[in-house]
file input_31.cif (mmCIF, C-alpha atoms)
data_query
#
loop_
_atom_site.group_PDB
_atom_site.id
_atom_site.type_symbol
_atom_site.label_atom_id
_atom_site.label_comp_id
_atom_site.auth_asym_id
_atom_site.auth_seq_id
_atom_site.Cartn_x
_atom_site.Cartn_y
_atom_site.Cartn_z
ATOM 1 C CA MET A 1 -15.869 -75.528 268.455
ATOM 2 C CA THR A 2 -14.854 -74.826 264.848
ATOM 3 C CA THR A 3 -12.028 -72.387 264.321
ATOM 4 C CA ALA A 4 -11.051 -70.348 261.283
ATOM 5 C CA LEU A 5 -8.108 -72.708 260.834
ATOM 6 C CA ASP A 6 -10.448 -75.727 260.778
ATOM 7 C CA THR A 7 -12.684 -74.271 258.082
ATOM 8 C CA ARG A 8 -9.935 -72.781 255.925
ATOM 9 C CA PRO A 9 -9.424 -75.848 253.655
ATOM 10 C CA ALA A 10 -13.168 -75.977 252.940
ATOM 11 C CA THR A 11 -13.226 -72.246 252.214
ATOM 12 C CA ARG A 12 -10.256 -72.576 249.887
ATOM 13 C CA ALA A 13 -11.933 -75.451 248.055
ATOM 14 C CA ARG A 14 -15.152 -73.423 247.722
ATOM 15 C CA HIS A 15 -13.333 -70.489 246.150
ATOM 16 C CA VAL A 16 -11.520 -72.724 243.670
ATOM 17 C CA ALA A 17 -14.773 -74.461 242.761
ATOM 18 C CA ALA A 18 -16.551 -71.107 242.332
ATOM 19 C CA ALA A 19 -13.746 -69.924 240.042
ATOM 20 C CA VAL A 20 -14.108 -73.050 237.902
ATOM 21 C CA VAL A 21 -17.900 -72.758 237.701
ATOM 22 C CA ALA A 22 -17.763 -69.034 236.894
ATOM 23 C CA GLY A 23 -15.267 -69.697 234.103
ATOM 24 C CA ALA A 24 -17.436 -72.533 232.779
ATOM 25 C CA ALA A 25 -20.540 -70.315 232.843
ATOM 26 C CA VAL A 26 -18.826 -67.618 230.778
ATOM 27 C CA ALA A 27 -17.485 -70.242 228.366
ATOM 28 C CA LEU A 28 -21.002 -71.655 227.966
ATOM 29 C CA LEU A 29 -22.411 -68.228 227.108
ATOM 30 C CA LEU A 30 -19.661 -67.567 224.583
ATOM 31 C CA LEU A 31 -19.494 -70.975 222.897
ATOM 32 C CA ALA A 32 -23.160 -72.019 222.874
ATOM 33 C CA PRO A 33 -24.104 -69.946 219.774
ATOM 34 C CA ASP A 34 -21.370 -71.658 217.709
ATOM 35 C CA LEU A 35 -22.105 -75.127 219.076
ATOM 36 C CA LEU A 36 -25.916 -75.037 219.107
ATOM 37 C CA GLY A 37 -26.723 -72.532 216.385
ATOM 38 C CA GLU A 38 -29.369 -69.818 216.422
ATOM 39 C CA HIS A 39 -30.849 -70.664 219.817
ATOM 40 C CA GLY A 40 -27.558 -71.506 221.503
ATOM 41 C CA ARG A 41 -27.442 -68.341 223.605
ATOM 42 C CA LEU A 42 -31.027 -68.938 224.752
ATOM 43 C CA ALA A 43 -30.103 -72.480 225.786
ATOM 44 C CA ALA A 44 -27.062 -71.210 227.709
ATOM 45 C CA VAL A 45 -29.084 -68.560 229.558
ATOM 46 C CA LEU A 46 -31.760 -71.122 230.420
ATOM 47 C CA VAL A 47 -29.114 -73.435 231.854
ATOM 48 C CA LEU A 48 -27.670 -70.673 234.048
ATOM 49 C CA GLN A 49 -31.122 -69.609 235.229
ATOM 50 C CA ALA A 50 -32.019 -73.228 236.036
ATOM 51 C CA VAL A 51 -28.784 -73.666 237.993
ATOM 52 C CA LEU A 52 -29.401 -70.463 239.946
ATOM 53 C CA VAL A 53 -33.021 -71.355 240.765
ATOM 54 C CA ALA A 54 -32.144 -74.926 241.772
ATOM 55 C CA ALA A 55 -29.256 -73.799 243.982
ATOM 56 C CA TRP A 56 -30.999 -70.810 245.558
ATOM 57 C CA ALA A 57 -33.069 -72.559 248.226
ATOM 58 C CA PRO A 58 -30.365 -74.913 249.560
ATOM 59 C CA ALA A 59 -27.776 -72.129 249.454
ATOM 60 C CA THR A 60 -29.787 -69.338 251.094
ATOM 61 C CA ALA A 61 -32.384 -71.344 253.078
ATOM 62 C CA PRO A 62 -35.310 -68.888 252.695
ATOM 63 C CA ALA A 63 -38.637 -69.385 254.421
ATOM 64 C CA GLY A 64 -41.183 -70.802 251.969
ATOM 65 C CA ALA A 65 -38.366 -72.248 249.866
ATOM 66 C CA VAL A 66 -40.608 -74.168 247.447
ATOM 67 C CA GLY A 67 -42.608 -71.081 246.554
ATOM 68 C CA VAL A 68 -39.426 -69.029 246.169
ATOM 69 C CA ALA A 69 -38.046 -71.562 243.684
ATOM 70 C CA VAL A 70 -41.314 -71.728 241.712
ATOM 71 C CA LEU A 71 -41.500 -67.937 241.427
ATOM 72 C CA GLY A 72 -37.861 -67.752 240.354
ATOM 73 C CA ALA A 73 -38.387 -70.387 237.665
ATOM 74 C CA ALA A 74 -41.531 -68.664 236.393
ATOM 75 C CA ALA A 75 -39.730 -65.313 236.229
ATOM 76 C CA ALA A 76 -36.840 -66.896 234.305
ATOM 77 C CA VAL A 77 -39.133 -68.440 231.702
ATOM 78 C CA GLY A 78 -41.206 -65.285 231.395
ATOM 79 C CA ALA A 79 -38.137 -63.065 230.984
ATOM 80 C CA ASP A 80 -36.634 -65.315 228.324
ATOM 81 C CA LEU A 81 -39.918 -65.416 226.412
ATOM 82 C CA ALA A 82 -40.267 -61.643 226.620
ATOM 83 C CA VAL A 83 -36.741 -60.942 225.403
ATOM 84 C CA GLY A 84 -35.936 -63.882 223.154
ATOM 85 C CA LEU A 85 -39.221 -64.863 221.571
ATOM 86 C CA LEU A 86 -41.787 -62.071 221.874
ATOM 87 C CA ALA A 87 -39.547 -59.145 220.879
ATOM 88 C CA PRO A 88 -40.336 -57.869 217.359
ATOM 89 C CA SER A 89 -37.988 -59.220 214.727
ATOM 90 C CA GLY A 90 -35.204 -56.794 213.853
ATOM 91 C CA ASP A 91 -35.948 -54.470 216.748
ATOM 92 C CA ARG A 92 -33.820 -54.023 219.859
ATOM 93 C CA PRO A 93 -36.130 -54.594 222.827
ATOM 94 C CA GLY A 94 -35.336 -52.475 225.841
ATOM 95 C CA PRO A 95 -34.757 -53.728 229.372
ATOM 96 C CA GLY A 96 -38.054 -52.118 230.372
ATOM 97 C CA LEU A 97 -39.693 -55.102 228.714
ATOM 98 C CA LEU A 98 -38.659 -57.153 231.749
ATOM 99 C CA LEU A 99 -40.791 -54.997 234.048
ATOM 100 C CA ALA A 100 -43.761 -56.852 232.578
ATOM 101 C CA VAL A 101 -42.272 -59.962 234.173
ATOM 102 C CA ALA A 102 -40.793 -58.596 237.400
ATOM 103 C CA GLY A 103 -43.929 -56.630 238.370
ATOM 104 C CA PRO A 104 -46.371 -59.571 238.339
ATOM 105 C CA ALA A 105 -43.701 -61.767 239.933
ATOM 106 C CA MET A 106 -43.538 -59.480 242.967
ATOM 107 C CA ILE A 107 -47.342 -59.424 243.261
ATOM 108 C CA ALA A 108 -47.222 -63.226 243.184
ATOM 109 C CA ALA A 109 -44.507 -63.112 245.867
ATOM 110 C CA VAL A 110 -46.851 -61.221 248.188
ATOM 111 C CA LEU A 111 -49.627 -63.736 247.492
ATOM 112 C CA HIS A 112 -47.151 -66.507 248.212
ATOM 113 C CA GLN A 113 -46.531 -65.069 251.664
ATOM 114 C CA MET A 114 -50.268 -64.785 252.327
ATOM 115 C CA LEU A 115 -50.826 -68.419 251.351
ATOM 116 C CA ARG A 116 -48.026 -69.817 253.502
ATOM 117 C CA ARG A 117 -49.138 -71.940 256.418
ATOM 118 C CA PRO A 118 -48.996 -70.133 259.773
ATOM 119 C CA PRO A 119 -46.913 -69.347 261.645
ATOM 120 C CA ARG A 120 -45.400 -67.362 258.784
ATOM 121 C CA THR A 121 -41.814 -66.935 259.900
ATOM 122 C CA ASP A 122 -39.361 -64.460 258.335
ATOM 123 C CA VAL A 123 -41.852 -62.938 255.891
ATOM 124 C CA VAL A 124 -39.596 -59.989 255.051
ATOM 125 C CA GLY A 125 -36.582 -62.224 254.513
ATOM 126 C CA SER A 126 -38.567 -64.541 252.252
ATOM 127 C CA LEU A 127 -39.879 -61.593 250.202
ATOM 128 C CA GLY A 128 -36.345 -60.262 249.884
ATOM 129 C CA SER A 129 -35.125 -63.657 248.727
ATOM 130 C CA VAL A 130 -37.823 -63.806 246.042
ATOM 131 C CA ALA A 131 -37.048 -60.257 244.915
ATOM 132 C CA LEU A 132 -33.329 -60.971 244.543
ATOM 133 C CA LEU A 133 -33.884 -64.266 242.722
ATOM 134 C CA VAL A 134 -36.472 -62.763 240.342
ATOM 135 C CA ALA A 135 -34.206 -59.785 239.617
ATOM 136 C CA ALA A 136 -31.249 -62.098 238.950
ATOM 137 C CA CYS A 137 -33.229 -64.336 236.585
ATOM 138 C CA CYS A 138 -34.566 -61.316 234.685
ATOM 139 C CA ALA A 139 -31.079 -59.795 234.519
ATOM 140 C CA LEU A 140 -29.646 -62.991 233.011
ATOM 141 C CA ALA A 141 -32.250 -62.692 230.256
ATOM 142 C CA LEU A 142 -30.589 -59.405 229.241
ATOM 143 C CA LEU A 143 -27.725 -61.508 227.862
ATOM 144 C CA LEU A 144 -30.108 -62.482 225.040
ATOM 145 C CA LEU A 145 -30.240 -58.904 223.764
ATOM 146 C CA PRO A 146 -28.145 -58.063 220.683
ATOM 147 C CA ASP A 147 -24.486 -57.240 221.392
ATOM 148 C CA VAL A 148 -24.816 -57.448 225.192
ATOM 149 C CA ALA A 149 -22.635 -60.544 225.422
ATOM 150 C CA GLY A 150 -20.529 -59.498 222.422
ATOM 151 C CA ASP A 151 -20.411 -60.476 218.770
ATOM 152 C CA ASP A 152 -21.039 -64.213 218.326
ATOM 153 C CA GLY A 153 -18.440 -64.262 215.564
ATOM 154 C CA ASP A 154 -15.677 -62.615 217.630
ATOM 155 C CA LEU A 155 -15.283 -64.321 220.988
ATOM 156 C CA SER A 156 -11.973 -62.571 221.698
ATOM 157 C CA GLY A 157 -13.740 -59.208 221.843
ATOM 158 C CA SER A 158 -16.555 -60.167 224.178
ATOM 159 C CA PRO A 159 -16.953 -58.085 227.350
ATOM 160 C CA LEU A 160 -18.000 -61.327 229.069
ATOM 161 C CA LEU A 161 -14.336 -62.342 229.002
ATOM 162 C CA VAL A 162 -13.514 -59.304 231.135
ATOM 163 C CA VAL A 163 -16.240 -60.230 233.626
ATOM 164 C CA GLY A 164 -15.155 -63.862 233.683
ATOM 165 C CA ALA A 165 -11.501 -62.965 234.227
ATOM 166 C CA ALA A 166 -12.383 -60.710 237.168
ATOM 167 C CA LEU A 167 -14.615 -63.318 238.812
ATOM 168 C CA VAL A 168 -12.114 -66.149 238.379
ATOM 169 C CA ALA A 169 -9.164 -64.053 239.555
ATOM 170 C CA GLY A 170 -11.046 -62.824 242.624
ATOM 171 C CA HIS A 171 -11.916 -66.326 243.802
ATOM 172 C CA LEU A 172 -8.467 -67.762 243.102
ATOM 173 C CA VAL A 173 -6.705 -64.976 244.987
ATOM 174 C CA ASP A 174 -9.116 -65.275 247.916
ATOM 175 C CA ALA A 175 -8.402 -69.008 248.007
ATOM 176 C CA VAL A 176 -4.759 -68.343 248.869
ATOM 177 C CA LEU A 177 -4.683 -64.766 250.217
ATOM 178 C CA PRO A 178 -7.962 -63.767 251.907
ATOM 179 C CA ARG A 179 -6.413 -61.182 254.250
ATOM 180 C CA PRO A 180 -6.778 -58.347 255.023
ATOM 181 C CA THR A 181 -10.485 -59.137 254.832
ATOM 182 C CA LEU A 182 -13.079 -56.721 253.536
ATOM 183 C CA ALA A 183 -15.206 -57.164 256.680
ATOM 184 C CA ALA A 184 -14.982 -58.945 259.993
ATOM 185 C CA GLY A 185 -15.742 -62.637 259.611
ATOM 186 C CA ALA A 186 -15.670 -62.489 255.803
ATOM 187 C CA ASP A 187 -13.591 -64.747 253.592
ATOM 188 C CA ARG A 188 -13.179 -62.191 250.785
ATOM 189 C CA GLY A 189 -10.059 -60.054 251.002
ATOM 190 C CA VAL A 190 -8.717 -56.767 249.713
ATOM 191 C CA PRO A 191 -6.028 -58.468 247.541
ATOM 192 C CA GLY A 192 -8.707 -60.515 245.765
ATOM 193 C CA LEU A 193 -10.788 -57.414 245.043
ATOM 194 C CA LEU A 194 -7.837 -55.426 243.692
ATOM 195 C CA LEU A 195 -6.418 -58.253 241.581
ATOM 196 C CA ALA A 196 -9.866 -59.044 240.184
ATOM 197 C CA VAL A 197 -10.092 -55.480 238.874
ATOM 198 C CA ALA A 198 -6.530 -55.742 237.556
ATOM 199 C CA ALA A 199 -7.401 -58.968 235.715
ATOM 200 C CA GLY A 200 -10.396 -57.275 234.120
ATOM 201 C CA VAL A 201 -8.261 -54.355 232.945
ATOM 202 C CA ALA A 202 -5.591 -56.715 231.573
ATOM 203 C CA VAL A 203 -8.112 -58.718 229.531
ATOM 204 C CA ALA A 204 -9.810 -55.554 228.248
ATOM 205 C CA LEU A 205 -6.437 -54.187 227.112
ATOM 206 C CA LEU A 206 -5.667 -57.441 225.301
ATOM 207 C CA GLU A 207 -9.056 -57.225 223.569
ATOM 208 C CA SER A 208 -8.509 -53.604 222.527
ATOM 209 C CA GLY A 209 -6.251 -54.777 219.702
ATOM 210 C CA THR A 210 -4.075 -51.912 218.501
ATOM 211 C CA GLY A 211 -1.801 -49.901 220.729
ATOM 212 C CA GLU A 212 -3.342 -46.575 219.749
ATOM 213 C CA LEU A 213 -4.104 -44.230 222.611
ATOM 214 C CA VAL A 214 -7.864 -44.195 222.053
ATOM 215 C CA ASP A 215 -7.984 -48.006 222.143
ATOM 216 C CA VAL A 216 -5.839 -48.133 225.274
ATOM 217 C CA VAL A 217 -8.052 -45.589 227.050
ATOM 218 C CA SER A 218 -11.173 -47.459 225.947
ATOM 219 C CA GLY A 219 -9.716 -50.766 227.116
ATOM 220 C CA VAL A 220 -8.679 -49.396 230.509
ATOM 221 C CA THR A 221 -12.089 -47.766 231.032
ATOM 222 C CA THR A 222 -13.997 -50.907 230.063
ATOM 223 C CA GLY A 223 -11.738 -53.063 232.202
ATOM 224 C CA LEU A 224 -12.070 -50.813 235.226
ATOM 225 C CA VAL A 225 -15.857 -50.601 234.980
ATOM 226 C CA LEU A 226 -16.546 -54.276 234.313
ATOM 227 C CA GLY A 227 -13.728 -55.505 236.531
ATOM 228 C CA LEU A 228 -14.881 -53.430 239.494
ATOM 229 C CA VAL A 229 -18.550 -54.362 239.036
ATOM 230 C CA ALA A 230 -17.687 -58.060 238.701
ATOM 231 C CA ALA A 231 -15.377 -57.959 241.728
ATOM 232 C CA LEU A 232 -17.968 -56.204 243.891
ATOM 233 C CA ALA A 233 -20.743 -58.499 242.637
ATOM 234 C CA GLY A 234 -18.688 -61.580 243.487
ATOM 235 C CA THR A 235 -17.962 -60.199 246.936
ATOM 236 C CA ALA A 236 -21.629 -59.345 247.499
ATOM 237 C CA ALA A 237 -22.692 -62.865 246.490
ATOM 238 C CA SER A 238 -20.321 -64.321 249.065
ATOM 239 C CA PHE A 239 -21.713 -61.981 251.727
ATOM 240 C CA VAL A 240 -25.298 -62.953 250.822
ATOM 241 C CA LEU A 241 -24.467 -66.620 251.343
ATOM 242 C CA GLY A 242 -22.553 -65.910 254.534
ATOM 243 C CA GLU A 243 -25.451 -63.960 256.042
ATOM 244 C CA ALA A 244 -27.972 -66.588 254.935
ATOM 245 C CA GLY A 245 -25.972 -69.322 256.596
ATOM 246 C CA GLY A 246 -26.567 -71.651 253.654
ATOM 247 C CA ARG A 247 -22.986 -72.574 252.929
ATOM 248 C CA GLY A 248 -23.532 -76.035 254.429
ATOM 249 C CA ALA A 249 -24.822 -76.975 250.967
ATOM 250 C CA MET A 250 -21.439 -76.325 249.407
ATOM 251 C CA GLY A 251 -22.369 -77.270 245.841
ATOM 252 C CA ALA A 252 -25.401 -74.990 245.857
ATOM 253 C CA GLY A 253 -23.394 -72.172 247.412
ATOM 254 C CA VAL A 254 -20.715 -72.492 244.739
ATOM 255 C CA ALA A 255 -23.358 -72.301 242.004
ATOM 256 C CA VAL A 256 -24.896 -69.135 243.459
ATOM 257 C CA GLU A 257 -21.480 -67.496 243.965
ATOM 258 C CA ALA A 258 -20.628 -68.193 240.320
ATOM 259 C CA VAL A 259 -23.909 -67.295 238.578
ATOM 260 C CA LEU A 260 -25.346 -64.460 240.685
ATOM 261 C CA PRO A 261 -22.451 -62.058 239.853
ATOM 262 C CA LEU A 262 -23.050 -62.671 236.131
ATOM 263 C CA ALA A 263 -26.645 -61.546 236.631
ATOM 264 C CA VAL A 264 -25.470 -58.409 238.442
ATOM 265 C CA CYS A 265 -23.066 -57.607 235.594
ATOM 266 C CA ALA A 266 -25.666 -58.082 232.830
ATOM 267 C CA PRO A 267 -27.245 -54.591 233.144
ATOM 268 C CA VAL A 268 -23.768 -53.032 233.024
ATOM 269 C CA LEU A 269 -22.970 -55.026 229.883
ATOM 270 C CA LEU A 270 -26.194 -53.703 228.367
ATOM 271 C CA ALA A 271 -25.266 -50.125 229.273
ATOM 272 C CA LEU A 272 -21.855 -50.494 227.621
ATOM 273 C CA ALA A 273 -23.444 -52.053 224.522
ATOM 274 C CA VAL A 274 -25.773 -49.129 223.895
ATOM 275 C CA VAL A 275 -23.262 -46.340 224.645
#

call {"tool": "encode", "arguments": {"input": "input_31.cif", "output": "structure tokens"}}
result
Amino acid sequence: MTTALDTRPATRARHVAAAVVAGAAVALLLLAPDLLGEHGRLAAVLVLQAVLVAAWAPATAPAGAVGVAVLGAAAAVGADLAVGLLAPSGDRPGPGLLLAVAGPAMIAAVLHQMLRRPPRTDVVGSLGSVALLVAACCALALLLLPDVAGDDGDLSGSPLLVVGAALVAGHLVDAVLPRPTLAAGADRGVPGLLLAVAAGVAVALLESGTGELVDVVSGVTTGLVLGLVAALAGTAASFVLGEAGGRGAMGAGVAVEAVLPLAVCAPVLLALAVV
């Protein structure tokens, strides 16, 4: 029988690895435009979507895993084409453009369930897995929109840094101080959630530049919003993996825990960019 004490070193290692991968993912999004030129951000988003799709099946173990992965990959490519290549030059395409991808993807998900060989086990769970993966891949495509990930020429002012700081801090704190836990049997704790938000606020304040009151208020507000969303998204990703029972594939689980919260944060980044 495995006890909490027996699994604690593995859990600690998973949190540290997730922190490293989350930090690397944010760095890729921020540095790719400078390193790869005009299509650098597109390349970075494609890499993250490919990692998420490849890791999804081994991490979450859905029924009809092959079809789930194919639908996720198709949604990722379609969303990137819709946002990055088919949007009119000079215009700011809206997120509603992605409904043209997500809608057909969900119809295809239903067809996928109908075409599965009987007995069709866990149909609802498989549909839910497809829906979450498609939504995440489409959300990552939002990072291609102008100003969502920040100004390519000013990395120090990117809101992605706030998200990355919150995600990294949350995992590192949970690696050493996971109690009191947020829920029975969970390995995410209250200290990690609170310090993740605090890290987001601290980075946002550093990015605000001057010490004028309006900049301080703006920095605190941005840090609280993005820090809280990132912290909750990271916690939710861990719960999704815990409920799916797919953590046996540790590498895949780490990838999902690192990339899925970025997808959740992308719509919030878009909202802040257009305010």

call {"tool": "residues_around", "arguments": {"input": "input_31.cif", "residues": "range 49-51 of chain A", "least_positions_apart": "4", "cutoff": "10 Å", "atoms": "all atoms listed in the file", "output": "PyMOL selection string"}}
result
chain A and resi 43-45+55-56+69+72-73+75-77+80+133+136-141+252+255-256+259-260+263

call {"tool": "closest_residue", "arguments": {"input": "input_31.cif", "among": "A:Ala57, A:Ala63, A:Ala198, A:Leu145", "to": "Leu98 in chain A", "atoms": "only C-alpha atoms"}}
result
A:Leu145

call {"tool": "closest_residue", "arguments": {"input": "input_31.cif", "among": "A:Gly64, A:Pro178, A:Gly200, A:Gly96", "to": "Ala165 in chain A", "atoms": "all atoms listed in the file"}}
result
A:Gly200

call {"tool": "atom_distance", "arguments": {"input": "input_31.cif", "atom1": "CA of Val83 in chain A", "atom2": "CA of Ala131 in chain A"}}
result
19.5 Å

call {"tool": "atom_distance", "arguments": {"input": "input_31.cif", "atom1": "CA of Ala186 in chain A", "atom2": "CA of Glu243 in chain A"}}
result
9.9 Å

call {"tool": "atom_distance", "arguments": {"input": "input_31.cif", "atom1": "CA of Gly253 in chain A", "atom2": "CA of Gly170 in chain A"}}
result
16.2 Å
